[in-house]
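Student: The following block contains the structure, expressed as C-alpha coordinates.
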Amino acid sequence: MMEKTIDARGVYYRLLNDRIQEAVKDGATKIILTGVNGQRYIGTRVDRPVEIEIEGVPGNDLGAYMNGSTIIVRDNGQDAIGNTMNSGKIVIHGHAGDVLGYAMRGGKLFIRGDVGYRVGIHMKEYGANIPILVIGGSAGSFLGEYMAGGILVILGLNRKPGEPVAGDYLGTGMHGGVIYLRGNVDEAGLGKEVAVFELDAADEERLEKLLCEYCRDMDIDYEEVREEKFVKLVPVSRRPYGNLYTHA
(Lines give C-alpha, C1' and ligand atoms only; values in the text may rest on other atoms or scores of the structure.)
Protein backbone atom coordinates (compact mmCIF):
# COMPACT_ATOMS: atom_id res chain seq x y z
CA MET A 1 0.00 0.00 0.00
CA MET A 2 1.32 3.41 -1.01
CA GLU A 3 0.33 6.02 1.57
CA LYS A 4 0.28 9.81 1.10
CA THR A 5 -0.37 12.47 3.76
CA ILE A 6 -1.70 15.89 2.73
CA ASP A 7 -1.89 18.85 5.11
CA ALA A 8 -5.19 20.62 4.34
CA ARG A 9 -4.82 23.53 6.75
CA GLY A 10 -5.78 26.75 4.97
CA VAL A 11 -5.95 25.03 1.56
CA TYR A 12 -8.80 26.13 -0.74
CA TYR A 13 -11.12 23.21 -1.52
CA ARG A 14 -10.38 23.10 -5.26
CA LEU A 15 -6.66 23.04 -4.65
CA LEU A 16 -7.07 20.32 -2.02
CA ASN A 17 -9.06 18.16 -4.42
CA ASP A 18 -6.43 18.73 -7.11
CA ARG A 19 -3.77 17.50 -4.69
CA ILE A 20 -5.85 14.40 -3.95
CA GLN A 21 -6.12 13.72 -7.68
CA GLU A 22 -2.36 14.12 -8.11
CA ALA A 23 -1.70 11.66 -5.27
CA VAL A 24 -4.03 9.10 -6.86
CA LYS A 25 -2.34 9.48 -10.26
CA ASP A 26 1.02 8.96 -8.56
CA GLY A 27 -0.22 5.60 -7.28
CA ALA A 28 -1.37 6.37 -3.72
CA THR A 29 -3.86 3.83 -2.43
CA LYS A 30 -4.34 5.48 0.96
CA ILE A 31 -4.50 9.25 1.49
CA ILE A 32 -4.50 10.83 4.94
CA LEU A 33 -5.85 14.38 5.09
CA THR A 34 -4.89 16.38 8.19
CA GLY A 35 -6.21 19.77 9.27
CA VAL A 36 -9.42 19.52 7.23
CA ASN A 37 -11.80 22.38 8.03
CA GLY A 38 -14.88 22.59 5.83
CA GLN A 39 -13.36 21.85 2.41
CA ARG A 40 -16.08 20.61 0.05
CA TYR A 41 -16.35 17.79 -2.49
CA ILE A 42 -13.57 15.65 -1.02
CA GLY A 43 -13.44 12.36 -2.92
CA THR A 44 -15.83 13.36 -5.69
CA ARG A 45 -13.37 13.02 -8.59
CA VAL A 46 -11.56 9.88 -7.45
CA ASP A 47 -12.31 7.16 -10.01
CA ARG A 48 -10.59 4.17 -8.45
CA PRO A 49 -10.72 2.35 -5.07
CA VAL A 50 -8.67 4.56 -2.76
CA GLU A 51 -8.95 4.93 1.01
CA ILE A 52 -9.17 8.52 2.24
CA GLU A 53 -8.85 9.10 5.99
CA ILE A 54 -9.87 12.57 7.18
CA GLU A 55 -8.75 14.26 10.39
CA GLY A 56 -11.03 17.24 10.95
CA VAL A 57 -14.50 18.18 9.70
CA PRO A 58 -15.02 18.02 5.91
CA GLY A 59 -17.47 20.33 4.15
CA ASN A 60 -20.59 19.66 2.11
CA ASP A 61 -20.90 17.02 -0.61
CA LEU A 62 -18.27 14.70 0.81
CA GLY A 63 -18.03 11.72 -1.54
CA ALA A 64 -20.58 13.07 -4.01
CA TYR A 65 -20.83 10.89 -7.15
CA MET A 66 -18.21 8.61 -5.59
CA ASN A 67 -17.20 5.42 -7.43
CA GLY A 68 -15.73 2.73 -5.23
CA SER A 69 -13.49 4.59 -2.77
CA THR A 70 -13.60 4.44 1.03
CA ILE A 71 -13.73 7.62 3.12
CA ILE A 72 -13.28 7.53 6.91
CA VAL A 73 -13.94 10.68 8.96
CA ARG A 74 -12.71 10.71 12.55
CA ASP A 75 -14.96 13.68 13.43
CA ASN A 76 -18.32 15.16 12.40
CA GLY A 77 -19.58 15.66 8.85
CA GLN A 78 -21.66 18.40 7.27
CA ASP A 79 -24.49 18.33 4.69
CA ALA A 80 -25.09 16.28 1.53
CA ILE A 81 -22.61 13.50 2.31
CA GLY A 82 -22.81 10.76 -0.34
CA ASN A 83 -24.83 12.92 -2.75
CA THR A 84 -25.72 10.72 -5.77
CA MET A 85 -23.07 8.22 -4.66
CA ASN A 86 -22.61 5.22 -6.98
CA SER A 87 -20.41 2.84 -4.98
CA GLY A 88 -17.88 2.73 -2.16
CA LYS A 89 -18.17 3.43 1.55
CA ILE A 90 -18.23 6.49 3.81
CA VAL A 91 -17.85 6.14 7.59
CA ILE A 92 -18.49 9.17 9.84
CA HIS A 93 -17.46 8.67 13.48
CA GLY A 94 -19.40 11.72 14.72
CA HIS A 95 -22.64 13.51 13.88
CA ALA A 96 -23.65 14.69 10.41
CA GLY A 97 -25.95 17.27 8.84
CA ASP A 98 -28.90 17.41 6.46
CA VAL A 99 -29.72 15.74 3.12
CA LEU A 100 -27.29 12.84 3.55
CA GLY A 101 -27.37 10.18 0.86
CA TYR A 102 -29.47 12.26 -1.50
CA ALA A 103 -30.31 10.11 -4.56
CA MET A 104 -27.76 7.46 -3.53
CA ARG A 105 -27.57 4.74 -6.19
CA GLY A 106 -25.18 2.35 -4.43
CA GLY A 107 -22.51 2.06 -1.76
CA LYS A 108 -22.69 2.40 2.01
CA LEU A 109 -22.93 5.43 4.29
CA PHE A 110 -22.41 4.78 8.02
CA ILE A 111 -22.99 7.55 10.60
CA ARG A 112 -22.21 6.96 14.27
CA GLY A 113 -24.15 9.89 15.76
CA ASP A 114 -27.25 11.95 15.00
CA VAL A 115 -28.23 13.35 11.60
CA GLY A 116 -30.36 16.26 10.43
CA TYR A 117 -33.33 16.63 8.12
CA ARG A 118 -34.28 14.98 4.81
CA VAL A 119 -31.75 12.19 5.10
CA GLY A 120 -31.98 9.36 2.58
CA ILE A 121 -34.39 11.17 0.26
CA HIS A 122 -34.68 9.91 -3.32
CA MET A 123 -32.50 6.87 -2.62
CA LYS A 124 -32.87 4.37 -5.46
CA GLU A 125 -31.57 0.99 -6.58
CA TYR A 126 -30.99 -0.80 -9.86
CA GLY A 127 -30.23 -4.48 -10.18
CA ALA A 128 -27.46 -5.44 -7.75
CA ASN A 129 -26.75 -1.79 -6.87
CA ILE A 130 -28.47 -1.25 -3.52
CA PRO A 131 -27.58 1.87 -1.48
CA ILE A 132 -27.27 1.37 2.28
CA LEU A 133 -27.46 4.08 4.94
CA VAL A 134 -27.04 3.27 8.65
CA ILE A 135 -27.56 5.94 11.34
CA GLY A 136 -26.44 5.22 14.89
CA GLY A 137 -28.25 8.13 16.53
CA SER A 138 -31.53 9.87 15.77
CA ALA A 139 -32.76 11.76 12.71
CA GLY A 140 -34.74 14.89 11.97
CA SER A 141 -37.97 15.10 10.01
CA PHE A 142 -38.58 13.78 6.48
CA LEU A 143 -36.26 10.79 6.85
CA GLY A 144 -36.53 8.61 3.73
CA GLU A 145 -38.71 11.13 1.89
CA TYR A 146 -39.56 9.96 -1.67
CA MET A 147 -37.32 6.94 -1.16
CA ALA A 148 -37.46 4.71 -4.24
CA GLY A 149 -35.11 1.91 -3.21
CA GLY A 150 -32.28 0.88 -0.93
CA ILE A 151 -31.93 0.13 2.77
CA LEU A 152 -32.05 2.71 5.54
CA VAL A 153 -31.36 1.68 9.16
CA ILE A 154 -31.77 3.99 12.15
CA LEU A 155 -30.71 2.81 15.60
CA GLY A 156 -31.47 5.72 17.93
CA LEU A 157 -28.61 4.81 20.27
CA ASN A 158 -28.14 6.96 23.40
CA ARG A 159 -31.43 8.80 22.95
CA LYS A 160 -33.27 9.80 26.12
CA PRO A 161 -36.35 7.84 27.27
CA GLY A 162 -39.39 8.91 25.29
CA GLU A 163 -37.42 10.61 22.53
CA PRO A 164 -38.39 9.46 19.02
CA VAL A 165 -35.86 7.77 16.79
CA ALA A 166 -36.83 10.15 13.97
CA GLY A 167 -38.83 13.33 13.43
CA ASP A 168 -42.16 13.80 11.68
CA TYR A 169 -43.16 12.81 8.13
CA LEU A 170 -41.03 9.68 8.24
CA GLY A 171 -41.19 7.96 4.85
CA THR A 172 -43.38 10.61 3.23
CA GLY A 173 -43.77 9.81 -0.48
CA MET A 174 -41.76 6.60 -0.10
CA HIS A 175 -42.45 4.12 -2.91
CA GLY A 176 -39.56 1.64 -2.74
CA GLY A 177 -36.90 0.20 -0.47
CA VAL A 178 -37.12 -0.47 3.26
CA ILE A 179 -36.45 1.44 6.49
CA TYR A 180 -35.49 -0.54 9.60
CA LEU A 181 -36.07 1.17 12.95
CA ARG A 182 -34.83 0.11 16.37
CA GLY A 183 -37.38 0.57 19.14
CA ASN A 184 -40.95 1.80 19.20
CA VAL A 185 -42.42 3.88 16.38
CA ASP A 186 -45.09 6.55 16.80
CA GLU A 187 -47.27 5.91 13.78
CA ALA A 188 -48.72 9.42 14.05
CA GLY A 189 -45.38 10.74 12.73
CA LEU A 190 -45.32 8.53 9.64
CA GLY A 191 -46.04 9.57 6.08
CA LYS A 192 -49.34 8.17 4.82
CA GLU A 193 -47.54 6.15 2.15
CA VAL A 194 -45.86 3.72 4.59
CA ALA A 195 -46.86 1.22 7.24
CA VAL A 196 -45.09 -0.64 10.06
CA PHE A 197 -44.45 -4.38 9.73
CA GLU A 198 -42.68 -7.09 11.71
CA LEU A 199 -39.38 -8.43 10.37
CA ASP A 200 -39.36 -11.74 8.52
CA ALA A 201 -36.46 -14.21 8.25
CA ALA A 202 -34.97 -12.46 5.21
CA ASP A 203 -35.04 -9.12 7.07
CA GLU A 204 -33.31 -10.64 10.09
CA GLU A 205 -30.55 -12.13 7.96
CA ARG A 206 -29.98 -8.88 6.07
CA LEU A 207 -30.03 -6.77 9.24
CA GLU A 208 -27.62 -9.05 11.09
CA LYS A 209 -25.06 -8.78 8.30
CA LEU A 210 -25.34 -5.00 8.09
CA LEU A 211 -25.23 -4.41 11.83
CA CYS A 212 -22.21 -6.68 12.32
CA GLU A 213 -20.31 -4.63 9.74
CA TYR A 214 -21.51 -1.32 11.20
CA CYS A 215 -20.66 -2.28 14.79
CA ARG A 216 -17.22 -3.47 13.72
CA ASP A 217 -16.51 -0.17 11.94
CA MET A 218 -17.78 1.91 14.86
CA ASP A 219 -16.43 -0.32 17.67
CA ILE A 220 -19.94 -0.76 19.10
CA ASP A 221 -21.23 -3.83 20.95
CA TYR A 222 -23.46 -5.71 18.51
CA GLU A 223 -25.32 -7.55 21.28
CA GLU A 224 -26.22 -4.25 22.92
CA VAL A 225 -27.62 -2.93 19.65
CA ARG A 226 -29.82 -6.02 19.28
CA GLU A 227 -31.29 -5.71 22.79
CA GLU A 228 -34.19 -3.69 21.37
CA LYS A 229 -36.64 -4.97 18.80
CA PHE A 230 -36.54 -3.76 15.20
CA VAL A 231 -39.50 -3.07 12.93
CA LYS A 232 -39.60 -2.10 9.27
CA LEU A 233 -41.35 0.54 7.23
CA VAL A 234 -42.29 -0.30 3.68
CA PRO A 235 -44.45 1.60 1.21
CA VAL A 236 -48.07 0.54 0.83
CA SER A 237 -48.44 2.43 -2.47
CA ARG A 238 -46.22 2.28 -5.56
CA ARG A 239 -47.55 5.57 -6.94
CA PRO A 240 -48.37 7.72 -3.89
CA TYR A 241 -49.02 10.88 -5.92
CA GLY A 242 -50.07 9.33 -9.22
CA ASN A 243 -53.54 10.86 -9.04
CA LEU A 244 -52.02 14.34 -9.11
CA TYR A 245 -50.64 13.74 -12.60
CA THR A 246 -53.48 11.70 -14.11
CA HIS A 247 -56.42 13.21 -15.94
CA ALA A 248 -59.58 12.39 -14.06
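Scheme for the C-alpha coordinates: letters A, B, ... for chains in order shown; per-chain residue numbers from 1; ligand numbers from 1 in order shown.
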As a short mmCIF file (atom, residue, chain, number, x, y, z; two decimals) with N, CA and C atoms, in the first residue's frame, please: every residue in range 20-232 of chain A that DSSP puts in alpha helix (DSSP H).

Tutor:
```
data_model
loop_
_atom_site.label_atom_id
_atom_site.label_comp_id
_atom_site.auth_asym_id
_atom_site.auth_seq_id
_atom_site.Cartn_x
_atom_site.Cartn_y
_atom_site.Cartn_z
N ILE A 20 -5.39 15.79 -4.11
CA ILE A 20 -5.85 14.40 -3.95
C ILE A 20 -5.75 13.67 -5.28
N GLN A 21 -6.19 14.33 -6.36
CA GLN A 21 -6.12 13.72 -7.68
C GLN A 21 -4.67 13.41 -8.09
N GLU A 22 -3.78 14.32 -7.78
CA GLU A 22 -2.36 14.12 -8.11
C GLU A 22 -1.80 12.92 -7.35
N ALA A 23 -2.18 12.79 -6.07
CA ALA A 23 -1.70 11.66 -5.27
C ALA A 23 -2.21 10.34 -5.83
N VAL A 24 -3.46 10.31 -6.28
CA VAL A 24 -4.03 9.10 -6.86
C VAL A 24 -3.31 8.73 -8.16
N LYS A 25 -3.06 9.73 -9.00
CA LYS A 25 -2.34 9.48 -10.26
C LYS A 25 -0.93 8.99 -10.03
N ALA A 201 -37.77 -13.56 8.18
CA ALA A 201 -36.46 -14.21 8.25
C ALA A 201 -35.44 -13.55 7.33
N ALA A 202 -35.88 -13.13 6.15
CA ALA A 202 -34.97 -12.46 5.21
C ALA A 202 -34.50 -11.11 5.77
N ASP A 203 -35.41 -10.39 6.43
CA ASP A 203 -35.04 -9.12 7.07
C ASP A 203 -34.00 -9.35 8.16
N GLU A 204 -34.23 -10.36 8.98
CA GLU A 204 -33.31 -10.64 10.09
C GLU A 204 -31.92 -10.98 9.58
N GLU A 205 -31.84 -11.76 8.53
CA GLU A 205 -30.55 -12.13 7.96
C GLU A 205 -29.83 -10.92 7.39
N ARG A 206 -30.55 -10.09 6.66
CA ARG A 206 -29.98 -8.88 6.07
C ARG A 206 -29.51 -7.91 7.15
N LEU A 207 -30.35 -7.72 8.17
CA LEU A 207 -30.03 -6.77 9.24
C LEU A 207 -28.83 -7.23 10.05
N GLU A 208 -28.75 -8.52 10.33
CA GLU A 208 -27.62 -9.05 11.09
C GLU A 208 -26.30 -8.77 10.37
N LYS A 209 -26.27 -9.01 9.09
CA LYS A 209 -25.06 -8.78 8.30
C LYS A 209 -24.65 -7.31 8.32
N LEU A 210 -25.63 -6.43 8.11
CA LEU A 210 -25.34 -5.00 8.09
C LEU A 210 -24.87 -4.48 9.45
N LEU A 211 -25.56 -4.90 10.50
CA LEU A 211 -25.23 -4.41 11.83
C LEU A 211 -23.89 -4.94 12.32
N CYS A 212 -23.54 -6.16 11.96
CA CYS A 212 -22.21 -6.68 12.32
C CYS A 212 -21.12 -5.82 11.69
N GLU A 213 -21.28 -5.47 10.42
CA GLU A 213 -20.31 -4.63 9.74
C GLU A 213 -20.26 -3.23 10.36
N TYR A 214 -21.44 -2.66 10.61
CA TYR A 214 -21.51 -1.32 11.20
C TYR A 214 -20.86 -1.28 12.58
N CYS A 215 -21.20 -2.25 13.44
CA CYS A 215 -20.66 -2.28 14.79
C CYS A 215 -19.15 -2.50 14.78
N ARG A 216 -18.66 -3.27 13.84
CA ARG A 216 -17.22 -3.47 13.72
C ARG A 216 -16.53 -2.16 13.32
N ASP A 217 -17.09 -1.44 12.37
CA ASP A 217 -16.51 -0.17 11.94
C ASP A 217 -16.53 0.88 13.04
N MET A 218 -17.60 0.88 13.84
CA MET A 218 -17.78 1.91 14.86
C MET A 218 -17.31 1.48 16.25
N TYR A 222 -22.33 -5.24 19.32
CA TYR A 222 -23.46 -5.71 18.51
C TYR A 222 -24.60 -6.23 19.38
N GLU A 223 -24.28 -6.97 20.43
CA GLU A 223 -25.32 -7.55 21.28
C GLU A 223 -26.14 -6.46 21.95
N GLU A 224 -25.50 -5.37 22.31
CA GLU A 224 -26.22 -4.25 22.92
C GLU A 224 -27.19 -3.61 21.92
N VAL A 225 -26.75 -3.50 20.69
CA VAL A 225 -27.62 -2.93 19.65
C VAL A 225 -28.87 -3.79 19.46
#
```

Student: DSSP on the backbone, then: every residue of range 18-142 of chain A marked strand (DSSP E), written as number ranges by chain.

Tutor: A: 30-37, 51-57, 67-73, 87-92, 108-111, 132-135

Student: Any idea what's packed within 8 Å of Val234 in chain A, counting only C-alpha atoms, ignoring anything in its chain fewer than 5 positions away? Could you give it as a VMD selection string?

Tutor: chain A and resid 174 to 179 194 to 197

Student: Given only C-alpha atoms, how would the per-residue table for range 17-65 of chain A near range 1-6 of chain A read, listing every residue at most 6 Å away with its closest atom pair and distance in Å to one decimal, sorted by chain and number, as CSV?

Tutor:
```
residue,atom,partner,partner_atom,distance
A:Ala28,CA,A:Met2,CA,4.8
A:Thr29,CA,A:Met2,CA,5.4
A:Lys30,CA,A:Glu3,CA,4.7
A:Ile31,CA,A:Lys4,CA,4.8
A:Ile32,CA,A:Thr5,CA,4.6
A:Leu33,CA,A:Ile6,CA,5.0
```

Student: Pick out the residues sitting within 9 Å of Ala80 in chain A, and hand them over as a PyMOL selection string; count only C-alpha atoms, and ignore anything fewer than 6 positions along from it in its own chain.

Tutor: chain A and resi 60-64+97-102+119

Student: For range 153-244 of chain A against range 132-139 of chain A, with a cut-off of 6 Å and counting only C-alpha atoms, what is the closest atom pair and its distance in Å to one decimal for every residue that makes the cut, ordered by chain and number, as a tab-separated table?

Tutor:
```
residue	atom	partner	partner_atom	distance
A:Val153	CA	A:Val134	CA	4.6
A:Ile154	CA	A:Ile135	CA	4.7
A:Leu155	CA	A:Gly136	CA	5.0
A:Gly156	CA	A:Gly137	CA	4.3
A:Leu157	CA	A:Gly137	CA	5.0
A:Val165	CA	A:Ser138	CA	4.9
A:Ala166	CA	A:Ala139	CA	4.6
```

Student: What does the structure give for the distance between CA of Asn37 in chain A and CA of Val73 in chain A, in Å to one decimal?

Tutor: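 Going from CA of Asn37 in chain A over to CA of Val73 in chain A covers 11.9 Å.
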